[in-house]
Amino acid sequence: MKNIRIWFKKDFECRYISHLDLNRTMLRALHKSKIPIWHTEGFNPHPFATFPLPLSLGFRGVNECMDVRLEDDNYSFKEIIDKLNGCLPRGIRVFDVTEAIMKAGKIAFASFTVKLALADKPSSLVCAQLGELLEQDEIVIEKKSKKGMKTVDIKPAVKKYEISEKFDFACLDVTLSAGSSDNVNPNLLISALQQKTGEEYEVDITRNDLYNADNEPFR
């Protein structure tokens, strides 16, 4: 048996399905495609699949992945792509299959593109507001934890960022801490910005990639 990593995009209406529903969708596709995937044992066997770092509801994902165990080591990766895409909705498209190299525990950062706009206000204003927020020594926000809400400074989680002005929106490319030990959702930055300015922004978020502690792409 061989551990493989299935790479896919999540967009369109599928942005708005939860991680639980995504898991169900992928398991149904694996079952329907009849790819020789290892199944769990017991009374109700099902294809075994794990997601290294689930994507938040409403986010686009252009480089998402799912890990499964292939029973036939010589099975064609191209056939996996073709068969799965034939069983998936248009918002989820598999574009590559590779052997799993890094373990999920190696994920340390995630990069995002965040588009923000204010109705009837110039994108230059939003860029200025973002710059003021990110130049602060601290960005303090309420964050939900397993023990409830707590006040945290998320500024140390912002590893790098770039703000650019587009025609009708401000674009923030940002890399944040991610993974099991320290995971910062870009929505926390949006919440901090809204608290600072009192504005309600139109927001579109895409997760671009995952990285390990050495800033190498997660593969």
# chains A, B, ... in the order shown; residues from 1 in each chain; ligands from 1
>>> residues_around(residues="range 215-219 of chain A", least_positions_apart="6", cutoff="12 Å", atoms="only C-alpha atoms", output="MDAnalysis selection string")
chainID A and resid 4:7 52:53 63:67 96:111 159:160 175:179 208:209
>>> residues_around(residues="range 16-29 of chain A", least_positions_apart="3", cutoff="8 Å", atoms="only C-alpha atoms", output="count of residues only")
16
>>> select_by_dssp(residues="range 92-197 of chain A", states="helix (DSSP H, G or I)", output="ChimeraX atom specification")
/A:104-106,123-134,155-157,186-197
>>> write_last_selection(atoms="N, CA, C and O atoms", output="compact mmCIF listing (two decimals), in the first residue's frame")
# COMPACT_ATOMS: atom_id res chain seq x y z
N ALA A 104 1.32 16.00 8.11
CA ALA A 104 0.48 17.16 8.41
C ALA A 104 1.04 17.99 9.56
O ALA A 104 0.89 19.22 9.59
N GLY A 105 1.71 17.35 10.50
CA GLY A 105 2.27 18.05 11.64
C GLY A 105 3.37 19.02 11.28
O GLY A 105 3.77 19.85 12.11
N LYS A 106 3.88 18.95 10.05
CA LYS A 106 4.93 19.86 9.60
C LYS A 106 4.39 21.21 9.16
O LYS A 106 5.17 22.15 8.96
N SER A 123 -10.70 52.26 -3.00
CA SER A 123 -9.85 51.17 -2.51
C SER A 123 -8.59 51.71 -1.84
O SER A 123 -7.99 51.04 -0.99
N SER A 124 -8.19 52.94 -2.19
CA SER A 124 -7.00 53.54 -1.55
C SER A 124 -7.23 53.72 -0.06
O SER A 124 -6.30 53.58 0.75
N LEU A 125 -8.47 54.04 0.33
CA LEU A 125 -8.79 54.19 1.75
C LEU A 125 -8.64 52.87 2.48
O LEU A 125 -8.06 52.81 3.58
N VAL A 126 -9.14 51.78 1.89
CA VAL A 126 -9.04 50.46 2.52
C VAL A 126 -7.57 50.05 2.64
O VAL A 126 -7.15 49.48 3.66
N CYS A 127 -6.78 50.33 1.62
CA CYS A 127 -5.34 50.03 1.69
C CYS A 127 -4.69 50.77 2.86
O CYS A 127 -3.88 50.19 3.60
N ALA A 128 -5.05 52.04 3.02
CA ALA A 128 -4.49 52.83 4.12
C ALA A 128 -4.91 52.27 5.47
O ALA A 128 -4.10 52.19 6.41
N GLN A 129 -6.16 51.85 5.57
CA GLN A 129 -6.66 51.28 6.82
C GLN A 129 -5.94 49.98 7.16
O GLN A 129 -5.56 49.73 8.31
N LEU A 130 -5.74 49.12 6.14
CA LEU A 130 -5.01 47.87 6.34
C LEU A 130 -3.58 48.15 6.78
O LEU A 130 -3.05 47.49 7.69
N GLY A 131 -2.94 49.12 6.13
CA GLY A 131 -1.57 49.45 6.48
C GLY A 131 -1.44 49.92 7.92
O GLY A 131 -0.52 49.51 8.64
N GLU A 132 -2.38 50.75 8.36
CA GLU A 132 -2.36 51.23 9.74
C GLU A 132 -2.51 50.08 10.73
O GLU A 132 -1.83 50.03 11.76
N LEU A 133 -3.41 49.15 10.41
CA LEU A 133 -3.62 47.99 11.30
C LEU A 133 -2.36 47.14 11.40
O LEU A 133 -1.91 46.78 12.50
N LEU A 134 -1.79 46.81 10.26
CA LEU A 134 -0.67 45.87 10.24
C LEU A 134 0.64 46.49 10.70
O LEU A 134 1.59 45.77 11.01
N LYS A 155 -0.53 39.75 16.13
CA LYS A 155 0.53 40.36 15.32
C LYS A 155 1.72 39.42 15.10
O LYS A 155 2.24 39.34 13.98
N PRO A 156 2.19 38.66 16.13
CA PRO A 156 3.32 37.75 15.89
C PRO A 156 3.02 36.66 14.86
O PRO A 156 3.94 36.07 14.29
N ALA A 157 1.73 36.39 14.62
CA ALA A 157 1.35 35.35 13.65
C ALA A 157 1.42 35.85 12.22
O ALA A 157 1.36 35.05 11.28
N PRO A 186 -7.44 34.31 8.84
CA PRO A 186 -7.43 35.69 8.37
C PRO A 186 -8.69 36.47 8.75
O PRO A 186 -8.67 37.70 8.76
N ASN A 187 -9.77 35.77 9.06
CA ASN A 187 -10.98 36.47 9.52
C ASN A 187 -10.72 37.24 10.81
O ASN A 187 -11.42 38.22 11.10
N LEU A 188 -9.73 36.80 11.59
CA LEU A 188 -9.38 37.54 12.80
C LEU A 188 -8.81 38.91 12.45
O LEU A 188 -9.07 39.90 13.14
N LEU A 189 -8.03 38.96 11.37
CA LEU A 189 -7.52 40.25 10.91
C LEU A 189 -8.66 41.16 10.46
O LEU A 189 -8.66 42.36 10.74
N ILE A 190 -9.64 40.57 9.76
CA ILE A 190 -10.79 41.35 9.30
C ILE A 190 -11.57 41.88 10.50
O ILE A 190 -11.98 43.05 10.53
N SER A 191 -11.76 41.04 11.51
CA SER A 191 -12.47 41.47 12.71
C SER A 191 -11.73 42.61 13.41
O SER A 191 -12.35 43.58 13.87
N ALA A 192 -10.41 42.50 13.48
CA ALA A 192 -9.61 43.56 14.10
C ALA A 192 -9.73 44.85 13.32
O ALA A 192 -9.82 45.94 13.90
N LEU A 193 -9.75 44.74 11.99
CA LEU A 193 -9.88 45.93 11.14
C LEU A 193 -11.25 46.58 11.33
O LEU A 193 -11.37 47.81 11.43
N GLN A 194 -12.29 45.76 11.39
CA GLN A 194 -13.64 46.29 11.58
C GLN A 194 -13.79 46.98 12.94
O GLN A 194 -14.44 48.02 13.05
N GLN A 195 -13.18 46.39 13.96
CA GLN A 195 -13.23 47.01 15.29
C GLN A 195 -12.49 48.35 15.29
O GLN A 195 -12.91 49.30 15.94
N LYS A 196 -11.41 48.44 14.53
CA LYS A 196 -10.59 49.65 14.50
C LYS A 196 -11.29 50.77 13.74
O LYS A 196 -11.24 51.94 14.14
N THR A 197 -11.96 50.42 12.62
CA THR A 197 -12.52 51.45 11.73
C THR A 197 -14.02 51.65 11.89
O THR A 197 -14.56 52.67 11.49
>>> closest_residue(among="A:His39, A:Lys166, A:Arg60, A:Lys34", to="Thr113 in chain A", atoms="only C-alpha atoms")
A:Arg60
>>> residues_around(residues="Lys143 in chain A", least_positions_apart="3", cutoff="8 Å", atoms="only C-alpha atoms", output="ChimeraX atom specification")
/A:149-152,188
>>> closest_residue(among="A:Ile35, A:Val68, A:Val114, A:Cys14", to="Arg93 in chain A", atoms="only C-alpha atoms")
A:Cys14
>>> residues_around(residues="Ile163 in chain A", least_positions_apart="2", cutoff="7 Å", atoms="only C-alpha atoms", output="PDB file with all heavy atoms, in the first residue's frame")
ATOM      1  N   CYS A 127      -6.777  50.334   1.621  1.00  0.00           N
ATOM      2  CA  CYS A 127      -5.339  50.031   1.688  1.00  0.00           C
ATOM      3  C   CYS A 127      -4.686  50.768   2.860  1.00  0.00           C
ATOM      4  O   CYS A 127      -3.876  50.191   3.597  1.00  0.00           O
ATOM      5  CB  CYS A 127      -4.652  50.420   0.382  1.00  0.00           C
ATOM      6  SG  CYS A 127      -5.025  49.340  -1.026  1.00  0.00           S
ATOM      7  N   TYR A 161       3.477  40.289   4.695  1.00  0.00           N
ATOM      8  CA  TYR A 161       2.272  40.743   4.006  1.00  0.00           C
ATOM      9  C   TYR A 161       2.625  41.776   2.946  1.00  0.00           C
ATOM     10  O   TYR A 161       3.694  42.401   2.980  1.00  0.00           O
ATOM     11  CB  TYR A 161       1.265  41.329   5.000  1.00  0.00           C
ATOM     12  CG  TYR A 161       1.680  42.639   5.632  1.00  0.00           C
ATOM     13  CD1 TYR A 161       1.373  43.860   5.027  1.00  0.00           C
ATOM     14  CD2 TYR A 161       2.378  42.650   6.846  1.00  0.00           C
ATOM     15  CE1 TYR A 161       1.766  45.054   5.614  1.00  0.00           C
ATOM     16  CE2 TYR A 161       2.753  43.842   7.438  1.00  0.00           C
ATOM     17  CZ  TYR A 161       2.451  45.047   6.817  1.00  0.00           C
ATOM     18  OH  TYR A 161       2.831  46.233   7.387  1.00  0.00           O
ATOM     19  N   GLU A 165      -3.300  48.105  -4.240  1.00  0.00           N
ATOM     20  CA  GLU A 165      -4.570  48.740  -4.577  1.00  0.00           C
ATOM     21  C   GLU A 165      -5.022  48.307  -5.965  1.00  0.00           C
ATOM     22  O   GLU A 165      -4.274  48.422  -6.942  1.00  0.00           O
ATOM     23  CB  GLU A 165      -4.432  50.263  -4.534  1.00  0.00           C
ATOM     24  CG  GLU A 165      -5.729  50.996  -4.850  1.00  0.00           C
ATOM     25  CD  GLU A 165      -5.552  52.503  -4.902  1.00  0.00           C
ATOM     26  OE1 GLU A 165      -4.483  53.002  -4.509  1.00  0.00           O
ATOM     27  OE2 GLU A 165      -6.496  53.181  -5.350  1.00  0.00           O
ATOM     28  N   CYS A 171      -6.167  44.637  -1.975  1.00  0.00           N
ATOM     29  CA  CYS A 171      -5.707  43.245  -1.978  1.00  0.00           C
ATOM     30  C   CYS A 171      -4.603  43.077  -0.938  1.00  0.00           C
ATOM     31  O   CYS A 171      -3.591  43.787  -0.961  1.00  0.00           O
ATOM     32  CB  CYS A 171      -5.199  42.860  -3.362  1.00  0.00           C
ATOM     33  SG  CYS A 171      -4.693  41.136  -3.503  1.00  0.00           S
ATOM     34  N   LEU A 172      -4.822  42.139  -0.028  1.00  0.00           N
ATOM     35  CA  LEU A 172      -3.839  41.819   1.003  1.00  0.00           C
ATOM     36  C   LEU A 172      -3.336  40.393   0.788  1.00  0.00           C
ATOM     37  O   LEU A 172      -4.107  39.439   0.889  1.00  0.00           O
ATOM     38  CB  LEU A 172      -4.466  41.938   2.395  1.00  0.00           C
ATOM     39  CG  LEU A 172      -3.630  41.420   3.573  1.00  0.00           C
ATOM     40  CD1 LEU A 172      -2.350  42.238   3.741  1.00  0.00           C
ATOM     41  CD2 LEU A 172      -4.454  41.406   4.858  1.00  0.00           C
ATOM     42  N   ASP A 173      -2.056  40.254   0.453  1.00  0.00           N
ATOM     43  CA  ASP A 173      -1.418  38.937   0.396  1.00  0.00           C
ATOM     44  C   ASP A 173      -0.675  38.758   1.714  1.00  0.00           C
ATOM     45  O   ASP A 173       0.239  39.536   2.030  1.00  0.00           O
ATOM     46  CB  ASP A 173      -0.456  38.852  -0.786  1.00  0.00           C
ATOM     47  CG  ASP A 173      -1.184  38.795  -2.118  1.00  0.00           C
ATOM     48  OD1 ASP A 173      -1.967  37.860  -2.327  1.00  0.00           O
ATOM     49  OD2 ASP A 173      -0.995  39.725  -2.931  1.00  0.00           O
TER      50      ASP A 173
END
